[in-house]
file input05.pdb (PDB, C-alpha atoms and all ligand atoms)
MODEL        1
ATOM      1  CA  MET A 825     -48.169 -43.273  19.194  1.00  0.00           C
ATOM      2  CA  ARG A 826     -45.663 -42.581  21.948  1.00  0.00           C
ATOM      3  CA  THR A 827     -43.102 -45.048  20.538  1.00  0.00           C
ATOM      4  CA  GLY A 828     -43.797 -43.641  17.096  1.00  0.00           C
ATOM      5  CA  VAL A 829     -42.779 -40.203  18.351  1.00  0.00           C
ATOM      6  CA  ARG A 830     -39.715 -41.480  20.211  1.00  0.00           C
ATOM      7  CA  ARG A 831     -38.318 -43.399  17.294  1.00  0.00           C
ATOM      8  CA  PRO A 832     -37.940 -40.499  14.891  1.00  0.00           C
ATOM      9  CA  ALA A 833     -36.407 -38.421  17.705  1.00  0.00           C
ATOM     10  CA  PHE A 834     -33.809 -41.130  18.324  1.00  0.00           C
ATOM     11  CA  LEU A 835     -33.182 -41.535  14.625  1.00  0.00           C
ATOM     12  CA  SER A 836     -32.700 -37.849  14.039  1.00  0.00           C
ATOM     13  CA  ALA A 837     -30.247 -37.716  16.967  1.00  0.00           C
ATOM     14  CA  ALA A 838     -28.271 -40.565  15.390  1.00  0.00           C
ATOM     15  CA  PHE A 839     -28.401 -38.764  12.060  1.00  0.00           C
ATOM     16  CA  ALA A 840     -27.160 -35.572  13.692  1.00  0.00           C
ATOM     17  CA  PHE A 841     -24.209 -37.452  15.232  1.00  0.00           C
ATOM     18  CA  ALA A 842     -23.404 -38.936  11.853  1.00  0.00           C
ATOM     19  CA  VAL A 843     -23.453 -35.508  10.190  1.00  0.00           C
ATOM     20  CA  VAL A 844     -21.370 -33.860  12.920  1.00  0.00           C
ATOM     21  CA  GLY A 845     -18.947 -36.797  12.805  1.00  0.00           C
ATOM     22  CA  SER A 846     -18.486 -36.408   9.090  1.00  0.00           C
ATOM     23  CA  PHE A 847     -17.556 -32.728   9.596  1.00  0.00           C
ATOM     24  CA  MET A 848     -15.254 -33.494  12.497  1.00  0.00           C
ATOM     25  CA  GLY A 849     -13.217 -35.954  10.459  1.00  0.00           C
ATOM     26  CA  PRO A 850     -11.421 -33.423   8.255  1.00  0.00           C
ATOM     27  CA  ALA A 851     -11.134 -30.977  11.183  1.00  0.00           C
ATOM     28  CA  THR A 852      -8.563 -33.260  12.825  1.00  0.00           C
ATOM     29  CA  HIS A 853      -6.221 -32.243   9.963  1.00  0.00           C
ATOM     30  CA  ALA A 854      -6.844 -28.507  10.465  1.00  0.00           C
ATOM     31  CA  HIS A 855      -3.182 -27.844  11.289  1.00  0.00           C
ATOM     32  CA  GLU A 856      -2.174 -28.740   7.738  1.00  0.00           C
ATOM     33  CA  VAL A 857      -1.605 -26.015   5.154  1.00  0.00           C
ATOM     34  CA  HIS A 858      -4.477 -26.021   2.694  1.00  0.00           C
ATOM     35  CA  GLY A 859      -4.236 -24.685  -0.829  1.00  0.00           C
ATOM     36  CA  ASN A 860      -0.451 -24.415  -0.647  1.00  0.00           C
ATOM     37  CA  THR A 861      -0.203 -23.874  -4.379  1.00  0.00           C
ATOM     38  CA  ALA A 862       2.767 -22.583  -6.364  1.00  0.00           C
ATOM     39  CA  THR A 863       1.951 -19.412  -8.328  1.00  0.00           C
ATOM     40  CA  THR A 864       4.197 -17.069 -10.317  1.00  0.00           C
ATOM     41  CA  LEU A 865       4.537 -14.803  -7.245  1.00  0.00           C
ATOM     42  CA  GLY A 866       5.066 -17.430  -4.578  1.00  0.00           C
ATOM     43  CA  ARG A 867       3.018 -20.042  -2.816  1.00  0.00           C
ATOM     44  CA  GLN A 868      -0.638 -19.231  -2.340  1.00  0.00           C
ATOM     45  CA  VAL A 869      -1.939 -20.183   1.091  1.00  0.00           C
ATOM     46  CA  VAL A 870      -5.670 -20.216   1.790  1.00  0.00           C
ATOM     47  CA  GLN A 871      -6.465 -17.979   4.766  1.00  0.00           C
ATOM     48  CA  ARG A 872      -6.998 -19.680   8.084  1.00  0.00           C
ATOM     49  CA  ALA A 873      -6.821 -18.554  11.703  1.00  0.00           C
ATOM     50  CA  ASN A 874      -3.137 -19.439  12.137  1.00  0.00           C
ATOM     51  CA  ALA A 875      -2.020 -18.390   8.633  1.00  0.00           C
ATOM     52  CA  PRO A 876       1.243 -16.430   8.390  1.00  0.00           C
ATOM     53  CA  SER A 877       0.500 -12.696   8.108  1.00  0.00           C
ATOM     54  CA  ILE A 878       3.044 -12.302   5.313  1.00  0.00           C
ATOM     55  CA  SER A 879       2.369 -14.040   2.022  1.00  0.00           C
ATOM     56  CA  PRO A 880       5.319 -16.310   1.317  1.00  0.00           C
ATOM     57  CA  ALA A 881       7.133 -14.851  -1.686  1.00  0.00           C
ATOM     58  CA  HIS A 882      10.108 -16.380  -3.403  1.00  0.00           C
ATOM     59  CA  SER A 883      11.588 -13.368  -5.155  1.00  0.00           C
ATOM     60  CA  THR A 884      12.291  -9.789  -4.175  1.00  0.00           C
ATOM     61  CA  ARG A 885      10.181  -8.553  -7.054  1.00  0.00           C
ATOM     62  CA  ALA A 886       7.302 -10.556  -5.567  1.00  0.00           C
ATOM     63  CA  LEU A 887       7.795  -8.731  -2.257  1.00  0.00           C
ATOM     64  CA  TYR A 888       7.471  -5.454  -4.162  1.00  0.00           C
ATOM     65  CA  VAL A 889       4.387  -6.611  -6.065  1.00  0.00           C
ATOM     66  CA  LEU A 890       2.651  -7.896  -2.938  1.00  0.00           C
ATOM     67  CA  HIS A 891       3.580  -5.158  -0.461  1.00  0.00           C
ATOM     68  CA  CYS A 892       4.352  -1.962  -2.385  1.00  0.00           C
ATOM     69  CA  ALA A 893       2.945  -1.956  -5.921  1.00  0.00           C
ATOM     70  CA  GLY A 894      -0.680  -1.604  -4.793  1.00  0.00           C
ATOM     71  CA  CYS A 895       0.104   2.016  -3.912  1.00  0.00           C
ATOM     72  CA  HIS A 896       3.303   2.682  -5.869  1.00  0.00           C
ATOM     73  CA  SER A 897       2.278   0.937  -9.143  1.00  0.00           C
ATOM     74  CA  LEU A 898       4.283  -1.824 -10.780  1.00  0.00           C
ATOM     75  CA  ASP A 899       6.581   0.689 -12.497  1.00  0.00           C
ATOM     76  CA  GLY A 900       7.011   2.881  -9.386  1.00  0.00           C
ATOM     77  CA  SER A 901       5.276   5.857 -10.990  1.00  0.00           C
ATOM     78  CA  GLY A 902       2.915   6.254  -8.008  1.00  0.00           C
ATOM     79  CA  SER A 903      -0.357   8.132  -8.147  1.00  0.00           C
ATOM     80  CA  ALA A 904      -0.854  11.889  -8.144  1.00  0.00           C
ATOM     81  CA  SER A 905      -4.493  11.574  -7.052  1.00  0.00           C
ATOM     82  CA  ALA A 906      -3.559   9.327  -4.095  1.00  0.00           C
ATOM     83  CA  ARG A 907      -0.490  11.476  -3.304  1.00  0.00           C
ATOM     84  CA  VAL A 908       1.908   8.570  -3.772  1.00  0.00           C
ATOM     85  CA  PRO A 909       5.249   9.929  -5.033  1.00  0.00           C
ATOM     86  CA  ASP A 910       6.994   8.730  -8.189  1.00  0.00           C
ATOM     87  CA  MET A 911       9.914   6.479  -7.135  1.00  0.00           C
ATOM     88  CA  ARG A 912      11.723   6.398 -10.464  1.00  0.00           C
ATOM     89  CA  GLN A 913      14.178   9.120  -9.314  1.00  0.00           C
ATOM     90  CA  LEU A 914      14.446   7.744  -5.772  1.00  0.00           C
ATOM     91  CA  GLY A 915      18.264   7.618  -5.926  1.00  0.00           C
ATOM     92  CA  GLN A 916      18.324  11.427  -5.603  1.00  0.00           C
ATOM     93  CA  PHE A 917      17.558  11.009  -1.884  1.00  0.00           C
ATOM     94  CA  LEU A 918      20.844   9.101  -1.486  1.00  0.00           C
ATOM     95  CA  ARG A 919      22.764  12.302  -2.394  1.00  0.00           C
ATOM     96  CA  VAL A 920      21.132  14.345   0.387  1.00  0.00           C
ATOM     97  CA  PRO A 921      22.053  14.113   4.107  1.00  0.00           C
ATOM     98  CA  GLY A 922      19.195  12.296   5.873  1.00  0.00           C
ATOM     99  CA  GLY A 923      17.785  10.974   2.607  1.00  0.00           C
ATOM    100  CA  ARG A 924      19.162   7.465   2.909  1.00  0.00           C
ATOM    101  CA  GLU A 925      17.417   6.721   6.211  1.00  0.00           C
ATOM    102  CA  PHE A 926      14.242   8.501   5.016  1.00  0.00           C
ATOM    103  CA  LEU A 927      13.785   5.812   2.341  1.00  0.00           C
ATOM    104  CA  LEU A 928      13.506   3.203   5.097  1.00  0.00           C
ATOM    105  CA  GLN A 929      11.592   5.293   7.634  1.00  0.00           C
ATOM    106  CA  VAL A 930       8.505   6.115   5.526  1.00  0.00           C
ATOM    107  CA  PRO A 931       5.352   4.493   6.951  1.00  0.00           C
ATOM    108  CA  GLY A 932       4.706   2.331   3.871  1.00  0.00           C
ATOM    109  CA  VAL A 933       8.063   0.624   4.478  1.00  0.00           C
ATOM    110  CA  MET A 934       8.232   0.518   8.286  1.00  0.00           C
ATOM    111  CA  GLY A 935       4.609  -0.579   8.536  1.00  0.00           C
ATOM    112  CA  SER A 936       4.770  -3.129   5.718  1.00  0.00           C
ATOM    113  CA  GLY A 937       5.059  -6.114   8.064  1.00  0.00           C
ATOM    114  CA  LEU A 938       8.235  -7.205   6.260  1.00  0.00           C
ATOM    115  CA  ASN A 939      11.240  -8.080   8.397  1.00  0.00           C
ATOM    116  CA  ASP A 940      14.518  -6.137   8.354  1.00  0.00           C
ATOM    117  CA  GLU A 941      16.145  -8.422   5.787  1.00  0.00           C
ATOM    118  CA  GLN A 942      13.125  -8.260   3.473  1.00  0.00           C
ATOM    119  CA  ILE A 943      12.950  -4.453   3.722  1.00  0.00           C
ATOM    120  CA  ALA A 944      16.644  -4.190   2.839  1.00  0.00           C
ATOM    121  CA  GLN A 945      16.068  -6.533  -0.096  1.00  0.00           C
ATOM    122  CA  VAL A 946      12.996  -4.772  -1.469  1.00  0.00           C
ATOM    123  CA  THR A 947      14.566  -1.304  -1.082  1.00  0.00           C
ATOM    124  CA  ASN A 948      17.724  -2.494  -2.865  1.00  0.00           C
ATOM    125  CA  TRP A 949      15.524  -3.991  -5.554  1.00  0.00           C
ATOM    126  CA  VAL A 950      13.578  -0.724  -6.070  1.00  0.00           C
ATOM    127  CA  LEU A 951      16.813   1.264  -6.318  1.00  0.00           C
ATOM    128  CA  SER A 952      18.504  -1.152  -8.701  1.00  0.00           C
ATOM    129  CA  SER A 953      15.521  -1.642 -11.005  1.00  0.00           C
ATOM    130  CA  ILE A 954      12.829   1.056 -10.951  1.00  0.00           C
ATOM    131  CA  ALA A 955      15.213   3.847  -9.902  1.00  0.00           C
ATOM    132  CA  SER A 956      18.473   2.507 -11.328  1.00  0.00           C
ATOM    133  CA  ALA A 957      19.136   5.554 -13.533  1.00  0.00           C
ATOM    134  CA  SER A 958      19.151   7.822 -10.463  1.00  0.00           C
ATOM    135  CA  ILE A 959      21.485   6.052  -8.005  1.00  0.00           C
ATOM    136  CA  PRO A 960      24.899   7.598  -7.281  1.00  0.00           C
ATOM    137  CA  SER A 961      27.948   5.632  -8.441  1.00  0.00           C
ATOM    138  CA  GLN A 962      29.289   5.145  -4.875  1.00  0.00           C
ATOM    139  CA  HIS A 963      25.959   3.770  -3.640  1.00  0.00           C
ATOM    140  CA  ARG A 964      26.166   0.772  -1.309  1.00  0.00           C
ATOM    141  CA  ASP A 965      23.260  -1.595  -0.696  1.00  0.00           C
ATOM    142  CA  PHE A 966      21.092  -1.462   2.414  1.00  0.00           C
ATOM    143  CA  ASP A 967      21.382  -4.310   4.903  1.00  0.00           C
ATOM    144  CA  ALA A 968      19.194  -5.607   7.736  1.00  0.00           C
ATOM    145  CA  SER A 969      21.143  -3.826  10.490  1.00  0.00           C
ATOM    146  CA  GLU A 970      20.547  -0.460   8.798  1.00  0.00           C
ATOM    147  CA  VAL A 971      16.809  -1.212   8.704  1.00  0.00           C
ATOM    148  CA  SER A 972      16.876  -2.166  12.374  1.00  0.00           C
ATOM    149  CA  GLN A 973      18.601   1.184  13.103  1.00  0.00           C
ATOM    150  CA  ALA A 974      15.913   3.052  11.115  1.00  0.00           C
ATOM    151  CA  ARG A 975      13.201   1.382  13.225  1.00  0.00           C
ATOM    152  CA  ARG A 976      14.691   3.014  16.314  1.00  0.00           C
ATOM    153  CA  THR A 977      14.221   6.510  14.835  1.00  0.00           C
ATOM    154  CA  PRO A 978      10.634   6.683  13.537  1.00  0.00           C
ATOM    155  CA  LEU A 979       9.515   9.612  11.382  1.00  0.00           C
ATOM    156  CA  VAL A 980       7.284  11.913  13.391  1.00  0.00           C
ATOM    157  CA  ASP A 981       6.166  14.009  10.434  1.00  0.00           C
ATOM    158  CA  VAL A 982       6.776  12.469   7.008  1.00  0.00           C
ATOM    159  CA  ALA A 983       5.726  15.522   4.998  1.00  0.00           C
ATOM    160  CA  ALA A 984       7.850  17.940   7.043  1.00  0.00           C
ATOM    161  CA  THR A 985      10.928  15.683   6.893  1.00  0.00           C
ATOM    162  CA  ARG A 986      10.486  15.245   3.156  1.00  0.00           C
ATOM    163  CA  ALA A 987      10.125  19.020   2.659  1.00  0.00           C
ATOM    164  CA  VAL A 988      13.453  19.548   4.463  1.00  0.00           C
ATOM    165  CA  LEU A 989      15.095  16.965   2.174  1.00  0.00           C
ATOM    166  CA  VAL A 990      13.647  18.646  -0.927  1.00  0.00           C
ATOM    167  CA  GLN A 991      15.111  21.943   0.285  1.00  0.00           C
ATOM    168  CA  ARG A 992      18.502  20.389   1.051  1.00  0.00           C
ATOM    169  CA  ALA A 993      18.519  18.885  -2.440  1.00  0.00           C
ATOM    170  CA  GLN A 994      17.817  22.308  -3.938  1.00  0.00           C
ATOM    171  CA  GLY A 995      20.710  23.759  -1.924  1.00  0.00           C
ATOM    172  CA  LEU A 996      22.989  21.105  -3.463  1.00  0.00           C
ATOM    173  CA  GLY A 997      21.764  21.868  -6.976  1.00  0.00           C
ATOM    174  CA  LEU A 998      19.760  18.610  -7.117  1.00  0.00           C
ATOM    175  CA  HIS A 999      16.091  18.113  -7.850  1.00  0.00           C
ATOM    176  CA  ILE A1000      13.605  16.071  -5.833  1.00  0.00           C
ATOM    177  CA  ALA A1001       9.997  16.547  -6.940  1.00  0.00           C
ATOM    178  CA  GLN A1002       7.487  17.923  -4.432  1.00  0.00           C
ATOM    179  CA  THR A1003       4.972  15.411  -3.049  1.00  0.00           C
ATOM    180  CA  PRO A1004       2.174  15.167  -5.663  1.00  0.00           C
TER
HETATM  181  C1  LIG B1101      -0.776   2.088   1.498  1.00  0.00           C
HETATM  182  C2  LIG B1101      -0.019   2.655   0.401  1.00  0.00           C
HETATM  183  C3  LIG B1101       1.466   2.414   0.381  1.00  0.00           C
HETATM  184  C4  LIG B1101       2.144   1.208   0.457  1.00  0.00           C
HETATM  185  C5  LIG B1101       1.561  -0.185   0.583  1.00  0.00           C
HETATM  186  C6  LIG B1101       3.548   1.533   0.353  1.00  0.00           C
HETATM  187  N1  LIG B1101       3.713   2.874   0.224  1.00  0.00           N
HETATM  188 FE1  LIG B1101       5.462   3.824   0.011  1.00  0.00          FE
HETATM  189  N2  LIG B1101       4.522   5.618   0.109  1.00  0.00           N
HETATM  190  C7  LIG B1101       3.153   5.807   0.159  1.00  0.00           C
HETATM  191  C8  LIG B1101       2.862   7.219   0.303  1.00  0.00           C
HETATM  192  C9  LIG B1101       1.466   7.847   0.397  1.00  0.00           C
HETATM  193  C10 LIG B1101       4.089   7.873   0.335  1.00  0.00           C
HETATM  194  C11 LIG B1101       4.334   9.372   0.539  1.00  0.00           C
HETATM  195  C12 LIG B1101       4.808   9.622   1.937  1.00  0.00           C
HETATM  196  C13 LIG B1101       3.744   9.369   2.914  1.00  0.00           C
HETATM  197  O1  LIG B1101       2.728  10.072   2.902  1.00  0.00           O
HETATM  198  O2  LIG B1101       3.900   8.387   3.683  1.00  0.00           O
HETATM  199  C14 LIG B1101       5.117   6.852   0.188  1.00  0.00           C
HETATM  200  C15 LIG B1101       6.470   7.101   0.155  1.00  0.00           C
HETATM  201  C16 LIG B1101       7.444   6.154  -0.042  1.00  0.00           C
HETATM  202  C17 LIG B1101       8.847   6.434  -0.200  1.00  0.00           C
HETATM  203  C18 LIG B1101       9.474   7.832  -0.207  1.00  0.00           C
HETATM  204  C19 LIG B1101       9.392   8.372  -1.624  1.00  0.00           C
HETATM  205  C20 LIG B1101       9.356   9.875  -1.712  1.00  0.00           C
HETATM  206  O3  LIG B1101       9.583  10.379  -2.818  1.00  0.00           O
HETATM  207  O4  LIG B1101       9.058  10.542  -0.732  1.00  0.00           O
HETATM  208  C21 LIG B1101       9.486   5.248  -0.369  1.00  0.00           C
HETATM  209  C22 LIG B1101      10.965   5.005  -0.556  1.00  0.00           C
HETATM  210  C23 LIG B1101       8.475   4.218  -0.312  1.00  0.00           C
HETATM  211  N3  LIG B1101       7.256   4.800  -0.102  1.00  0.00           N
HETATM  212  C24 LIG B1101       8.736   2.885  -0.463  1.00  0.00           C
HETATM  213  C25 LIG B1101       7.766   1.883  -0.293  1.00  0.00           C
HETATM  214  C26 LIG B1101       8.061   0.480  -0.335  1.00  0.00           C
HETATM  215  C27 LIG B1101       9.438  -0.115  -0.619  1.00  0.00           C
HETATM  216  C28 LIG B1101       6.896  -0.172  -0.062  1.00  0.00           C
HETATM  217  C29 LIG B1101       6.664  -1.651   0.089  1.00  0.00           C
HETATM  218  C30 LIG B1101       7.466  -2.306   1.120  1.00  0.00           C
HETATM  219  C31 LIG B1101       5.871   0.841   0.137  1.00  0.00           C
HETATM  220  N4  LIG B1101       6.448   2.067  -0.004  1.00  0.00           N
HETATM  221  C32 LIG B1101       4.554   0.568   0.387  1.00  0.00           C
HETATM  222  C33 LIG B1101       2.204   4.820   0.108  1.00  0.00           C
HETATM  223  C34 LIG B1101       2.484   3.451   0.248  1.00  0.00           C
ENDMDL
END
call {"tool": "encode", "arguments": {"input": "input05.pdb", "output": "structure tokens"}}
result
Amino acid sequence: MRTGVRRPAFLSAAFAFAVVGSFMGPATHAHEVHGNTATTLGRQVVQRANAPSISPAHSTRALYVLHCAGCHSLDGSGSASARVPDMRQLGQFLRVPGGREFLLQVPGVMGSGLNDEQIAQVTNWVLSSIASASIPSQHRDFDASEVSQARRTPLVDVAATRAVLVQRAQGLGLHIAQTP
């Protein structure tokens, strides 16, 4: 009886080692990127502990879709109920002193996790596509150094700063819609 008890215990230990071993095999390749699949927006990477925090995107439109459109909508029209402003007339801000830097300083942009170059790219993309009808003729593109400068002067009160810009626009005979 005693050997009969010992044998299954030994066997189950061996079985356990075999099972653990079979799981450990693939784990030795854990540093590899799994599910690195091309999609229309970029390469899809399956989440893992050391995954990059930014989804790799291979076009500026993809940056917009992945990091902005969830709140701003694909067409930039925003959402009145969520108080997300319509960006289709965004170029109006470029005509008002302080408006150019405001476009970079808003929390959705500064806190997007995108780097300076990507923020310049996505902001230029928004202005030249969604808001193209509203940009002034002498407009020049944003670049990474301008984004880096904007990071050094964070907005303390977004709503108050925006209200000042709306007022300045009115003083110049321009129209910027109130926050929805
Ligand atoms: C989590 C939702 C959210 C995300 C994501 C987001 N935004 Fe916004 N955005 C807002 C809201 C809300 C406002 C209104 C100002 C505020 O309350 O911050 C705003 C304001 C803005 C403004 C100023 C427009 C105006 O009329 O005042 C710009 C420009 C802007 N966002 C660009 C972007 C870009 C570019 C991205 C992507 C990199 C982005 N946002 C991502 C929610 C978001």
call {"tool": "closest_residue", "arguments": {"input": "input05.pdb", "among": "A:Ala1001, A:Val982, A:Gln994, A:Ser903", "to": "Val930 of chain A", "atoms": "all atoms listed in the file"}}
result
A:Val982
call {"tool": "axis_aligned_box", "arguments": {"input": "input05.pdb", "around": "ligand LIG 1101 (chain B)", "padding_each_side": "5 Å", "output": "JSON"}}
result
{"center_x": 5.1, "center_y": 4.1, "center_z": 0.4, "size_x": 21.7, "size_y": 22.8, "size_z": 16.5}
call {"tool": "atom_distance", "arguments": {"input": "input05.pdb", "atom1": "atom CA of Arg919 of chain A", "atom2": "atom CA of Ala993 of chain A"}}
result
7.8 Å
call {"tool": "residues_near_ligand", "arguments": {"input": "input05.pdb", "ligand": "ligand LIG 1101 (chain B)", "cutoff": "7 Å", "atoms": "all atoms listed in the file", "output": "list in words"}}
result
Tyr888, His891, Cys892, Ala893, Gly894, Cys895, His896, Ala906, Arg907, Val908, Pro909, Asp910, Met911, Leu914, Leu927, Leu928, Val930, Pro931, Gly932, Val933, Ser936, Ile943, Val946, Thr947, Val950, Val982, Ala983, Arg986 and Thr1003 of chain A
call {"tool": "closest_residue", "arguments": {"input": "input05.pdb", "among": "A:Met934, A:Ile1000, A:Leu898, A:Ala987", "to": "Val971 of chain A", "atoms": "all atoms listed in the file"}}
result
A:Met934
call {"tool": "closest_residue", "arguments": {"input": "input05.pdb", "among": "A:Gly915, A:Pro978, A:Gly900, A:Gly922", "to": "Leu998 of chain A", "atoms": "all atoms listed in the file"}}
result
A:Gly915
